[in-house]
Amino acid sequence: MSLERHWLGRVSYARGLELQDSAVRRRLAGEGGDAIYLLEHEPVYTIGRTRDRSSLRGGEADLPHPVFETNRGGQATYHGPGQLVGYPIVDLSGYVKDLHAYLRALEESLVAACAEVGVEAGRREGLTGVWCGGRKLASIGVGVRQWVTMHGFAINVAPDLSGFDAITPCGISGVEMTSLGREAGREIDLRAFADVAADCLEAALGRMVGG
(Lines give C-alpha, C1' and ligand atoms only; values in the text may rest on other atoms or scores of the structure.)
Protein backbone atom coordinates (compact mmCIF):
# COMPACT_ATOMS: atom_id res chain seq x y z
CA MET A 1 0.00 0.00 0.00
CA SER A 2 1.25 3.48 -0.81
CA LEU A 3 0.96 6.85 0.88
CA GLU A 4 0.14 9.99 -1.06
CA ARG A 5 2.93 12.39 -0.09
CA HIS A 6 2.58 16.10 0.58
CA TRP A 7 5.67 18.20 1.30
CA LEU A 8 4.47 21.42 2.97
CA GLY A 9 7.73 23.13 3.87
CA ARG A 10 7.55 25.32 6.98
CA VAL A 11 4.09 25.99 8.40
CA SER A 12 2.63 27.11 11.73
CA TYR A 13 1.34 24.46 14.09
CA ALA A 14 -2.20 25.82 13.82
CA ARG A 15 -2.08 25.57 10.03
CA GLY A 16 -0.75 22.03 10.24
CA LEU A 17 -3.63 21.06 12.50
CA GLU A 18 -6.17 22.60 10.11
CA LEU A 19 -4.70 20.61 7.21
CA GLN A 20 -4.88 17.40 9.24
CA ASP A 21 -8.49 17.99 10.27
CA SER A 22 -9.47 18.56 6.66
CA ALA A 23 -7.56 15.47 5.49
CA VAL A 24 -9.17 13.27 8.17
CA ARG A 25 -12.65 14.45 7.16
CA ARG A 26 -11.91 13.61 3.51
CA ARG A 27 -10.54 10.19 4.44
CA LEU A 28 -13.62 9.41 6.55
CA ALA A 29 -15.80 10.44 3.62
CA GLY A 30 -13.94 8.00 1.36
CA GLU A 31 -12.35 10.79 -0.68
CA GLY A 32 -8.85 9.67 -1.62
CA GLY A 33 -6.50 7.25 0.06
CA ASP A 34 -3.94 7.22 2.83
CA ALA A 35 -1.51 10.11 2.90
CA ILE A 36 1.37 11.62 4.81
CA TYR A 37 2.04 15.33 5.32
CA LEU A 38 5.74 16.12 5.77
CA LEU A 39 6.83 19.51 7.08
CA GLU A 40 8.68 21.71 9.53
CA HIS A 41 6.92 23.88 12.10
CA GLU A 42 7.59 27.38 13.29
CA PRO A 43 8.96 27.27 16.88
CA VAL A 44 6.22 26.11 19.25
CA TYR A 45 5.61 23.94 22.31
CA THR A 46 2.70 21.53 22.16
CA ILE A 47 1.03 19.51 24.88
CA GLY A 48 -1.82 17.02 24.85
CA ARG A 49 -5.11 17.64 26.63
CA THR A 50 -4.05 16.66 30.12
CA ARG A 51 -4.53 18.09 33.60
CA ASP A 52 -0.87 17.39 34.31
CA ARG A 53 1.08 20.23 32.73
CA SER A 54 4.22 19.77 34.82
CA SER A 55 6.29 19.10 31.69
CA LEU A 56 5.96 22.83 30.91
CA ARG A 57 7.98 23.39 34.10
CA GLY A 58 7.64 26.96 35.36
CA GLY A 59 4.60 27.77 33.23
CA GLU A 60 3.77 29.16 29.82
CA ALA A 61 4.70 32.76 30.60
CA ASP A 62 8.36 31.85 31.06
CA LEU A 63 8.75 29.85 27.86
CA PRO A 64 10.62 31.31 24.86
CA HIS A 65 7.98 30.12 22.35
CA PRO A 66 4.16 29.90 22.38
CA VAL A 67 2.28 26.87 23.71
CA PHE A 68 -0.42 25.08 21.71
CA GLU A 69 -2.73 22.61 23.46
CA THR A 70 -3.63 19.95 20.95
CA ASN A 71 -5.69 16.78 20.61
CA ARG A 72 -2.93 14.20 20.70
CA GLY A 73 -1.82 12.15 23.65
CA GLY A 74 1.20 12.96 25.73
CA GLN A 75 3.12 15.66 27.52
CA ALA A 76 4.98 18.69 26.20
CA THR A 77 7.38 18.69 23.29
CA TYR A 78 9.09 21.26 21.10
CA HIS A 79 8.75 21.73 17.35
CA GLY A 80 10.89 24.00 15.26
CA PRO A 81 12.90 24.43 12.05
CA GLY A 82 15.29 21.58 11.38
CA GLN A 83 12.90 19.00 12.81
CA LEU A 84 11.02 16.77 10.38
CA VAL A 85 7.36 16.34 11.31
CA GLY A 86 5.26 13.62 9.69
CA TYR A 87 1.47 13.48 9.91
CA PRO A 88 0.19 10.19 8.46
CA ILE A 89 -3.54 10.22 7.66
CA VAL A 90 -4.13 6.47 7.57
CA ASP A 91 -7.30 4.39 7.79
CA LEU A 92 -6.26 1.55 10.06
CA SER A 93 -9.27 -0.43 8.87
CA GLY A 94 -7.11 -1.30 5.87
CA TYR A 95 -4.28 -2.57 8.07
CA VAL A 96 -4.86 -3.74 11.66
CA LYS A 97 -7.21 -2.01 14.07
CA ASP A 98 -4.60 -1.85 16.78
CA LEU A 99 -3.27 1.50 17.90
CA HIS A 100 -0.31 -0.04 19.75
CA ALA A 101 0.71 -1.92 16.60
CA TYR A 102 0.51 1.35 14.69
CA LEU A 103 2.74 3.12 17.23
CA ARG A 104 5.29 0.32 16.94
CA ALA A 105 5.12 0.62 13.12
CA LEU A 106 5.91 4.35 13.38
CA GLU A 107 8.88 3.58 15.60
CA GLU A 108 10.04 0.78 13.30
CA SER A 109 9.85 3.05 10.28
CA LEU A 110 11.95 5.78 11.92
CA VAL A 111 14.56 3.29 13.12
CA ALA A 112 14.84 1.99 9.54
CA ALA A 113 15.05 5.55 8.15
CA CYS A 114 17.86 6.37 10.58
CA ALA A 115 19.75 3.27 9.44
CA GLU A 116 19.47 4.50 5.84
CA VAL A 117 21.55 7.56 6.76
CA GLY A 118 24.03 5.62 8.89
CA VAL A 119 22.57 6.26 12.36
CA GLU A 120 21.90 3.31 14.67
CA ALA A 121 18.68 3.99 16.58
CA GLY A 122 16.18 1.90 18.49
CA ARG A 123 13.39 1.74 21.04
CA ARG A 124 13.49 1.91 24.84
CA GLU A 125 11.37 -0.46 26.90
CA GLY A 126 8.22 1.21 28.16
CA LEU A 127 8.85 4.52 26.35
CA THR A 128 7.31 5.59 23.05
CA GLY A 129 9.74 7.18 20.59
CA VAL A 130 13.11 6.54 18.97
CA TRP A 131 16.43 6.72 20.78
CA CYS A 132 20.18 6.62 20.20
CA GLY A 133 21.51 5.00 23.35
CA GLY A 134 20.02 7.07 26.16
CA ARG A 135 19.44 10.10 23.95
CA LYS A 136 16.01 10.81 22.49
CA LEU A 137 15.93 11.39 18.74
CA ALA A 138 12.22 11.29 17.83
CA SER A 139 8.90 11.80 19.58
CA ILE A 140 5.61 10.15 18.62
CA GLY A 141 2.06 11.13 19.53
CA VAL A 142 -1.08 10.16 17.65
CA GLY A 143 -4.80 10.71 17.56
CA VAL A 144 -7.48 8.54 15.96
CA ARG A 145 -10.99 9.27 14.68
CA GLN A 146 -13.00 6.22 13.67
CA TRP A 147 -9.70 4.41 13.03
CA VAL A 148 -8.30 7.22 10.85
CA THR A 149 -5.02 8.48 12.30
CA MET A 150 -3.68 12.00 12.71
CA HIS A 151 -0.63 13.61 14.32
CA GLY A 152 2.39 11.32 14.10
CA PHE A 153 6.14 11.79 14.57
CA ALA A 154 8.75 14.50 14.99
CA ILE A 155 12.39 13.55 14.39
CA ASN A 156 15.25 15.92 15.04
CA VAL A 157 17.29 16.23 11.87
CA ALA A 158 19.19 19.45 12.61
CA PRO A 159 17.11 21.70 14.89
CA ASP A 160 18.29 24.09 17.58
CA LEU A 161 18.04 21.61 20.45
CA SER A 162 18.03 24.43 23.02
CA GLY A 163 14.29 24.69 22.32
CA PHE A 164 13.88 21.60 24.52
CA ASP A 165 15.77 23.09 27.47
CA ALA A 166 12.81 25.01 28.90
CA ILE A 167 10.54 21.94 29.19
CA THR A 168 10.66 18.33 30.36
CA PRO A 169 10.38 16.67 26.92
CA CYS A 170 7.48 14.20 26.87
CA GLY A 171 7.46 14.37 30.68
CA ILE A 172 10.67 12.28 30.95
CA SER A 173 12.93 13.77 33.61
CA GLY A 174 16.62 14.01 32.76
CA VAL A 175 16.19 13.09 29.11
CA GLU A 176 18.89 14.25 26.68
CA MET A 177 17.66 15.23 23.22
CA THR A 178 19.79 14.60 20.16
CA SER A 179 19.60 14.97 16.38
CA LEU A 180 20.46 12.97 13.28
CA GLY A 181 23.14 15.45 12.36
CA ARG A 182 24.78 15.16 15.76
CA GLU A 183 24.66 11.36 15.78
CA ALA A 184 25.86 11.03 12.18
CA GLY A 185 28.59 13.63 12.60
CA ARG A 186 27.56 15.25 9.33
CA GLU A 187 24.80 17.33 7.76
CA ILE A 188 21.62 15.44 6.86
CA ASP A 189 19.39 17.00 4.20
CA LEU A 190 15.92 17.27 5.78
CA ARG A 191 13.97 17.27 2.52
CA ALA A 192 15.74 14.16 1.24
CA PHE A 193 15.32 12.45 4.61
CA ALA A 194 11.57 13.15 4.45
CA ASP A 195 11.33 10.87 1.41
CA VAL A 196 13.36 8.18 3.16
CA ALA A 197 11.05 8.34 6.19
CA ALA A 198 7.97 8.06 3.97
CA ASP A 199 9.43 5.05 2.15
CA CYS A 200 10.15 3.32 5.45
CA LEU A 201 6.68 4.07 6.79
CA GLU A 202 5.07 2.57 3.69
CA ALA A 203 7.12 -0.59 4.25
CA ALA A 204 6.23 -0.78 7.96
CA LEU A 205 2.52 -0.31 7.27
CA GLY A 206 2.69 -2.97 4.61
CA ARG A 207 3.85 -5.41 7.26
CA MET A 208 0.78 -4.54 9.36
CA VAL A 209 -1.66 -5.80 6.72
CA GLY A 210 -3.29 -8.93 7.99
CA GLY A 211 -0.91 -8.96 10.96
# chains A, B, ... in the order shown; residues from 1 in each chain; ligands from 1
$ closest_atom_pairs --of "stretch 88-141 of chain A" --to "stretch 13-24 of chain A" --cutoff "9 Å" --atoms "only C-alpha atoms" --output "Markdown table"
| residue | atom | partner | partner_atom | distance |
| --- | --- | --- | --- | --- |
| A:Pro88 | CA | A:Gln20 | CA | 8.8 |
| A:Ile89 | CA | A:Val24 | CA | 6.4 |
| A:Val90 | CA | A:Val24 | CA | 8.5 |
$ residues_around --residues "A:Arg186" --least-positions-apart "6" --cutoff "12 Å" --atoms "only C-alpha atoms" --output "ChimeraX atom specification"
/A:117-119,157-158,179-180
$ select_by_dssp --residues "stretch 41-173 of chain A" --states "alpha helix (DSSP H)" --output "list in words"
Leu99, His100, Ala101, Tyr102, Leu103, Arg104, Ala105, Leu106, Glu107, Glu108, Ser109, Leu110, Val111, Ala112, Ala113, Cys114, Ala115 and Glu116 of chain A
$ write_last_selection --atoms "N, CA and C atoms" --output "PDB file, in the first residue's frame"
ATOM      1  N   LEU A  99      -4.025   0.266  17.792  1.00  0.00           N
ATOM      2  CA  LEU A  99      -3.270   1.500  17.900  1.00  0.00           C
ATOM      3  C   LEU A  99      -1.842   1.245  18.386  1.00  0.00           C
ATOM      4  N   HIS A 100      -1.669   0.276  19.273  1.00  0.00           N
ATOM      5  CA  HIS A 100      -0.314  -0.036  19.746  1.00  0.00           C
ATOM      6  C   HIS A 100       0.547  -0.582  18.602  1.00  0.00           C
ATOM      7  N   ALA A 101      -0.027  -1.414  17.756  1.00  0.00           N
ATOM      8  CA  ALA A 101       0.712  -1.922  16.602  1.00  0.00           C
ATOM      9  C   ALA A 101       1.097  -0.775  15.669  1.00  0.00           C
ATOM     10  N   TYR A 102       0.214   0.191  15.539  1.00  0.00           N
ATOM     11  CA  TYR A 102       0.507   1.352  14.690  1.00  0.00           C
ATOM     12  C   TYR A 102       1.662   2.168  15.278  1.00  0.00           C
ATOM     13  N   LEU A 103       1.645   2.388  16.597  1.00  0.00           N
ATOM     14  CA  LEU A 103       2.742   3.116  17.235  1.00  0.00           C
ATOM     15  C   LEU A 103       4.073   2.402  17.022  1.00  0.00           C
ATOM     16  N   ARG A 104       4.054   1.087  17.152  1.00  0.00           N
ATOM     17  CA  ARG A 104       5.286   0.322  16.940  1.00  0.00           C
ATOM     18  C   ARG A 104       5.740   0.424  15.478  1.00  0.00           C
ATOM     19  N   ALA A 105       4.768   0.477  14.539  1.00  0.00           N
ATOM     20  CA  ALA A 105       5.124   0.624  13.125  1.00  0.00           C
ATOM     21  C   ALA A 105       5.778   1.977  12.866  1.00  0.00           C
ATOM     22  N   LEU A 106       5.282   3.034  13.514  1.00  0.00           N
ATOM     23  CA  LEU A 106       5.908   4.349  13.377  1.00  0.00           C
ATOM     24  C   LEU A 106       7.344   4.301  13.894  1.00  0.00           C
ATOM     25  N   GLU A 107       7.534   3.699  15.055  1.00  0.00           N
ATOM     26  CA  GLU A 107       8.885   3.576  15.602  1.00  0.00           C
ATOM     27  C   GLU A 107       9.784   2.774  14.661  1.00  0.00           C
ATOM     28  N   GLU A 108       9.279   1.647  14.214  1.00  0.00           N
ATOM     29  CA  GLU A 108      10.041   0.785  13.303  1.00  0.00           C
ATOM     30  C   GLU A 108      10.463   1.535  12.051  1.00  0.00           C
ATOM     31  N   SER A 109       9.550   2.327  11.511  1.00  0.00           N
ATOM     32  CA  SER A 109       9.848   3.055  10.275  1.00  0.00           C
ATOM     33  C   SER A 109      10.949   4.087  10.492  1.00  0.00           C
ATOM     34  N   LEU A 110      10.932   4.768  11.643  1.00  0.00           N
ATOM     35  CA  LEU A 110      11.946   5.781  11.915  1.00  0.00           C
ATOM     36  C   LEU A 110      13.305   5.137  12.197  1.00  0.00           C
ATOM     37  N   VAL A 111      13.307   4.005  12.889  1.00  0.00           N
ATOM     38  CA  VAL A 111      14.560   3.287  13.115  1.00  0.00           C
ATOM     39  C   VAL A 111      15.180   2.884  11.778  1.00  0.00           C
ATOM     40  N   ALA A 112      14.346   2.384  10.865  1.00  0.00           N
ATOM     41  CA  ALA A 112      14.838   1.992   9.542  1.00  0.00           C
ATOM     42  C   ALA A 112      15.341   3.202   8.756  1.00  0.00           C
ATOM     43  N   ALA A 113      14.624   4.340   8.855  1.00  0.00           N
ATOM     44  CA  ALA A 113      15.049   5.552   8.146  1.00  0.00           C
ATOM     45  C   ALA A 113      16.386   6.050   8.673  1.00  0.00           C
ATOM     46  N   CYS A 114      16.579   5.974   9.994  1.00  0.00           N
ATOM     47  CA  CYS A 114      17.860   6.372  10.580  1.00  0.00           C
ATOM     48  C   CYS A 114      18.994   5.491  10.044  1.00  0.00           C
ATOM     49  N   ALA A 115      18.729   4.193   9.957  1.00  0.00           N
ATOM     50  CA  ALA A 115      19.747   3.273   9.443  1.00  0.00           C
ATOM     51  C   ALA A 115      20.144   3.629   8.014  1.00  0.00           C
ATOM     52  N   GLU A 116      19.192   4.129   7.236  1.00  0.00           N
ATOM     53  CA  GLU A 116      19.470   4.498   5.842  1.00  0.00           C
ATOM     54  C   GLU A 116      20.488   5.628   5.738  1.00  0.00           C
TER      55      GLU A 116
END
$ atom_distance --atom1 "atom CA of A:Glu202" --atom2 "atom CA of A:Val144"
18.5 Å
$ atom_distance --atom1 "atom CA of A:Gly133" --atom2 "atom CA of A:Arg191"
25.3 Å
$ decode --residues "stretch 152-198 of chain A" --atoms "N, CA and C atoms" --output "PDB file, in the first residue's frame"
ATOM      1  N   GLY A 152       1.415  12.262  14.614  1.00  0.00           N
ATOM      2  CA  GLY A 152       2.393  11.315  14.097  1.00  0.00           C
ATOM      3  C   GLY A 152       3.733  11.423  14.777  1.00  0.00           C
ATOM      4  N   PHE A 153       4.780  11.801  14.018  1.00  0.00           N
ATOM      5  CA  PHE A 153       6.139  11.794  14.571  1.00  0.00           C
ATOM      6  C   PHE A 153       6.842  13.117  14.324  1.00  0.00           C
ATOM      7  N   ALA A 154       7.855  13.353  15.164  1.00  0.00           N
ATOM      8  CA  ALA A 154       8.747  14.502  14.994  1.00  0.00           C
ATOM      9  C   ALA A 154      10.157  14.000  15.261  1.00  0.00           C
ATOM     10  N   ILE A 155      11.013  14.041  14.251  1.00  0.00           N
ATOM     11  CA  ILE A 155      12.386  13.552  14.394  1.00  0.00           C
ATOM     12  C   ILE A 155      13.363  14.700  14.182  1.00  0.00           C
ATOM     13  N   ASN A 156      14.288  14.830  15.081  1.00  0.00           N
ATOM     14  CA  ASN A 156      15.254  15.925  15.044  1.00  0.00           C
ATOM     15  C   ASN A 156      16.321  15.639  13.995  1.00  0.00           C
ATOM     16  N   VAL A 157      16.273  16.373  12.909  1.00  0.00           N
ATOM     17  CA  VAL A 157      17.290  16.235  11.868  1.00  0.00           C
ATOM     18  C   VAL A 157      18.447  17.184  12.173  1.00  0.00           C
ATOM     19  N   ALA A 158      18.156  18.479  12.243  1.00  0.00           N
ATOM     20  CA  ALA A 158      19.188  19.446  12.614  1.00  0.00           C
ATOM     21  C   ALA A 158      18.561  20.688  13.240  1.00  0.00           C
ATOM     22  N   PRO A 159      17.735  20.523  14.276  1.00  0.00           N
ATOM     23  CA  PRO A 159      17.114  21.698  14.894  1.00  0.00           C
ATOM     24  C   PRO A 159      18.038  22.331  15.927  1.00  0.00           C
ATOM     25  N   ASP A 160      17.638  23.495  16.424  1.00  0.00           N
ATOM     26  CA  ASP A 160      18.289  24.093  17.580  1.00  0.00           C
ATOM     27  C   ASP A 160      17.740  23.362  18.810  1.00  0.00           C
ATOM     28  N   LEU A 161      18.518  22.462  19.349  1.00  0.00           N
ATOM     29  CA  LEU A 161      18.041  21.614  20.449  1.00  0.00           C
ATOM     30  C   LEU A 161      17.800  22.393  21.737  1.00  0.00           C
ATOM     31  N   SER A 162      18.266  23.637  21.810  1.00  0.00           N
ATOM     32  CA  SER A 162      18.031  24.430  23.022  1.00  0.00           C
ATOM     33  C   SER A 162      16.539  24.704  23.227  1.00  0.00           C
ATOM     34  N   GLY A 163      15.737  24.515  22.172  1.00  0.00           N
ATOM     35  CA  GLY A 163      14.294  24.686  22.325  1.00  0.00           C
ATOM     36  C   GLY A 163      13.695  23.724  23.333  1.00  0.00           C
ATOM     37  N   PHE A 164      14.366  22.589  23.556  1.00  0.00           N
ATOM     38  CA  PHE A 164      13.876  21.597  24.517  1.00  0.00           C
ATOM     39  C   PHE A 164      14.255  21.931  25.961  1.00  0.00           C
ATOM     40  N   ASP A 165      15.196  22.858  26.138  1.00  0.00           N
ATOM     41  CA  ASP A 165      15.770  23.086  27.468  1.00  0.00           C
ATOM     42  C   ASP A 165      14.769  23.643  28.467  1.00  0.00           C
ATOM     43  N   ALA A 166      13.753  24.346  27.995  1.00  0.00           N
ATOM     44  CA  ALA A 166      12.811  25.011  28.896  1.00  0.00           C
ATOM     45  C   ALA A 166      11.667  24.110  29.343  1.00  0.00           C
ATOM     46  N   ILE A 167      11.617  22.865  28.834  1.00  0.00           N
ATOM     47  CA  ILE A 167      10.543  21.941  29.186  1.00  0.00           C
ATOM     48  C   ILE A 167      11.141  20.610  29.651  1.00  0.00           C
ATOM     49  N   THR A 168      10.279  19.727  30.110  1.00  0.00           N
ATOM     50  CA  THR A 168      10.659  18.334  30.356  1.00  0.00           C
ATOM     51  C   THR A 168      10.099  17.537  29.190  1.00  0.00           C
ATOM     52  N   PRO A 169      10.912  17.267  28.154  1.00  0.00           N
ATOM     53  CA  PRO A 169      10.377  16.671  26.917  1.00  0.00           C
ATOM     54  C   PRO A 169       9.618  15.374  27.168  1.00  0.00           C
ATOM     55  N   CYS A 170       8.353  15.367  26.733  1.00  0.00           N
ATOM     56  CA  CYS A 170       7.479  14.200  26.873  1.00  0.00           C
ATOM     57  C   CYS A 170       7.321  13.760  28.324  1.00  0.00           C
ATOM     58  N   GLY A 171       7.623  14.676  29.261  1.00  0.00           N
ATOM     59  CA  GLY A 171       7.465  14.367  30.678  1.00  0.00           C
ATOM     60  C   GLY A 171       8.509  13.431  31.239  1.00  0.00           C
ATOM     61  N   ILE A 172       9.628  13.230  30.522  1.00  0.00           N
ATOM     62  CA  ILE A 172      10.673  12.282  30.952  1.00  0.00           C
ATOM     63  C   ILE A 172      11.809  13.077  31.594  1.00  0.00           C
ATOM     64  N   SER A 173      11.913  13.006  32.892  1.00  0.00           N
ATOM     65  CA  SER A 173      12.932  13.770  33.614  1.00  0.00           C
ATOM     66  C   SER A 173      14.335  13.327  33.219  1.00  0.00           C
ATOM     67  N   GLY A 174      15.213  14.301  33.032  1.00  0.00           N
ATOM     68  CA  GLY A 174      16.615  14.013  32.761  1.00  0.00           C
ATOM     69  C   GLY A 174      16.927  13.548  31.354  1.00  0.00           C
ATOM     70  N   VAL A 175      15.941  13.575  30.456  1.00  0.00           N
ATOM     71  CA  VAL A 175      16.187  13.089  29.107  1.00  0.00           C
ATOM     72  C   VAL A 175      17.120  14.036  28.350  1.00  0.00           C
ATOM     73  N   GLU A 176      18.007  13.474  27.559  1.00  0.00           N
ATOM     74  CA  GLU A 176      18.889  14.252  26.683  1.00  0.00           C
ATOM     75  C   GLU A 176      18.378  14.117  25.262  1.00  0.00           C
ATOM     76  N   MET A 177      18.111  15.247  24.607  1.00  0.00           N
ATOM     77  CA  MET A 177      17.657  15.235  23.223  1.00  0.00           C
ATOM     78  C   MET A 177      18.863  15.260  22.291  1.00  0.00           C
ATOM     79  N   THR A 178      18.721  14.614  21.150  1.00  0.00           N
ATOM     80  CA  THR A 178      19.788  14.601  20.162  1.00  0.00           C
ATOM     81  C   THR A 178      19.199  14.767  18.770  1.00  0.00           C
ATOM     82  N   SER A 179      20.052  14.773  17.759  1.00  0.00           N
ATOM     83  CA  SER A 179      19.600  14.966  16.383  1.00  0.00           C
ATOM     84  C   SER A 179      20.345  14.015  15.456  1.00  0.00           C
ATOM     85  N   LEU A 180      19.796  13.808  14.277  1.00  0.00           N
ATOM     86  CA  LEU A 180      20.460  12.968  13.276  1.00  0.00           C
ATOM     87  C   LEU A 180      21.830  13.526  12.903  1.00  0.00           C
ATOM     88  N   GLY A 181      21.875  14.834  12.720  1.00  0.00           N
ATOM     89  CA  GLY A 181      23.144  15.453  12.355  1.00  0.00           C
ATOM     90  C   GLY A 181      24.210  15.228  13.405  1.00  0.00           C
ATOM     91  N   ARG A 182      23.823  15.364  14.673  1.00  0.00           N
ATOM     92  CA  ARG A 182      24.776  15.163  15.761  1.00  0.00           C
ATOM     93  C   ARG A 182      25.236  13.712  15.812  1.00  0.00           C
ATOM     94  N   GLU A 183      24.309  12.780  15.679  1.00  0.00           N
ATOM     95  CA  GLU A 183      24.660  11.358  15.781  1.00  0.00           C
ATOM     96  C   GLU A 183      25.461  10.880  14.570  1.00  0.00           C
ATOM     97  N   ALA A 184      25.145  11.433  13.396  1.00  0.00           N
ATOM     98  CA  ALA A 184      25.860  11.030  12.181  1.00  0.00           C
ATOM     99  C   ALA A 184      27.210  11.728  12.044  1.00  0.00           C
ATOM    100  N   GLY A 185      27.359  12.860  12.725  1.00  0.00           N
ATOM    101  CA  GLY A 185      28.586  13.633  12.597  1.00  0.00           C
ATOM    102  C   GLY A 185      28.703  14.330  11.259  1.00  0.00           C
ATOM    103  N   ARG A 186      27.568  14.568  10.620  1.00  0.00           N
ATOM    104  CA  ARG A 186      27.561  15.251   9.327  1.00  0.00           C
ATOM    105  C   ARG A 186      26.182  15.855   9.094  1.00  0.00           C
ATOM    106  N   GLU A 187      26.089  16.698   8.082  1.00  0.00           N
ATOM    107  CA  GLU A 187      24.805  17.330   7.759  1.00  0.00           C
ATOM    108  C   GLU A 187      23.890  16.336   7.050  1.00  0.00           C
ATOM    109  N   ILE A 188      22.639  16.270   7.491  1.00  0.00           N
ATOM    110  CA  ILE A 188      21.617  15.436   6.864  1.00  0.00           C
ATOM    111  C   ILE A 188      20.600  16.356   6.209  1.00  0.00           C
ATOM    112  N   ASP A 189      20.361  16.165   4.915  1.00  0.00           N
ATOM    113  CA  ASP A 189      19.393  16.998   4.199  1.00  0.00           C
ATOM    114  C   ASP A 189      17.971  16.622   4.628  1.00  0.00           C
ATOM    115  N   LEU A 190      17.255  17.558   5.221  1.00  0.00           N
ATOM    116  CA  LEU A 190      15.924  17.266   5.776  1.00  0.00           C
ATOM    117  C   LEU A 190      14.938  16.874   4.699  1.00  0.00           C
ATOM    118  N   ARG A 191      14.945  17.576   3.585  1.00  0.00           N
ATOM    119  CA  ARG A 191      13.972  17.273   2.523  1.00  0.00           C
ATOM    120  C   ARG A 191      14.202  15.874   1.960  1.00  0.00           C
ATOM    121  N   ALA A 192      15.448  15.495   1.748  1.00  0.00           N
ATOM    122  CA  ALA A 192      15.738  14.158   1.245  1.00  0.00           C
ATOM    123  C   ALA A 192      15.374  13.102   2.280  1.00  0.00           C
ATOM    124  N   PHE A 193      15.651  13.404   3.555  1.00  0.00           N
ATOM    125  CA  PHE A 193      15.323  12.447   4.612  1.00  0.00           C
ATOM    126  C   PHE A 193      13.812  12.250   4.729  1.00  0.00           C
ATOM    127  N   ALA A 194      13.030  13.277   4.407  1.00  0.00           N
ATOM    128  CA  ALA A 194      11.571  13.146   4.447  1.00  0.00           C
ATOM    129  C   ALA A 194      11.102  12.033   3.519  1.00  0.00           C
ATOM    130  N   ASP A 195      11.699  11.934   2.344  1.00  0.00           N
ATOM    131  CA  ASP A 195      11.326  10.869   1.414  1.00  0.00           C
ATOM    132  C   ASP A 195      11.744   9.500   1.940  1.00  0.00           C
ATOM    133  N   VAL A 196      12.909   9.438   2.571  1.00  0.00           N
ATOM    134  CA  VAL A 196      13.363   8.181   3.158  1.00  0.00           C
ATOM    135  C   VAL A 196      12.393   7.733   4.250  1.00  0.00           C
ATOM    136  N   ALA A 197      11.978   8.671   5.103  1.00  0.00           N
ATOM    137  CA  ALA A 197      11.053   8.342   6.189  1.00  0.00           C
ATOM    138  C   ALA A 197       9.712   7.851   5.646  1.00  0.00           C
ATOM    139  N   ALA A 198       9.237   8.490   4.577  1.00  0.00           N
ATOM    140  CA  ALA A 198       7.966   8.065   3.974  1.00  0.00           C
ATOM    141  C   ALA A 198       8.087   6.671   3.368  1.00  0.00           C
TER     142      ALA A 198
END
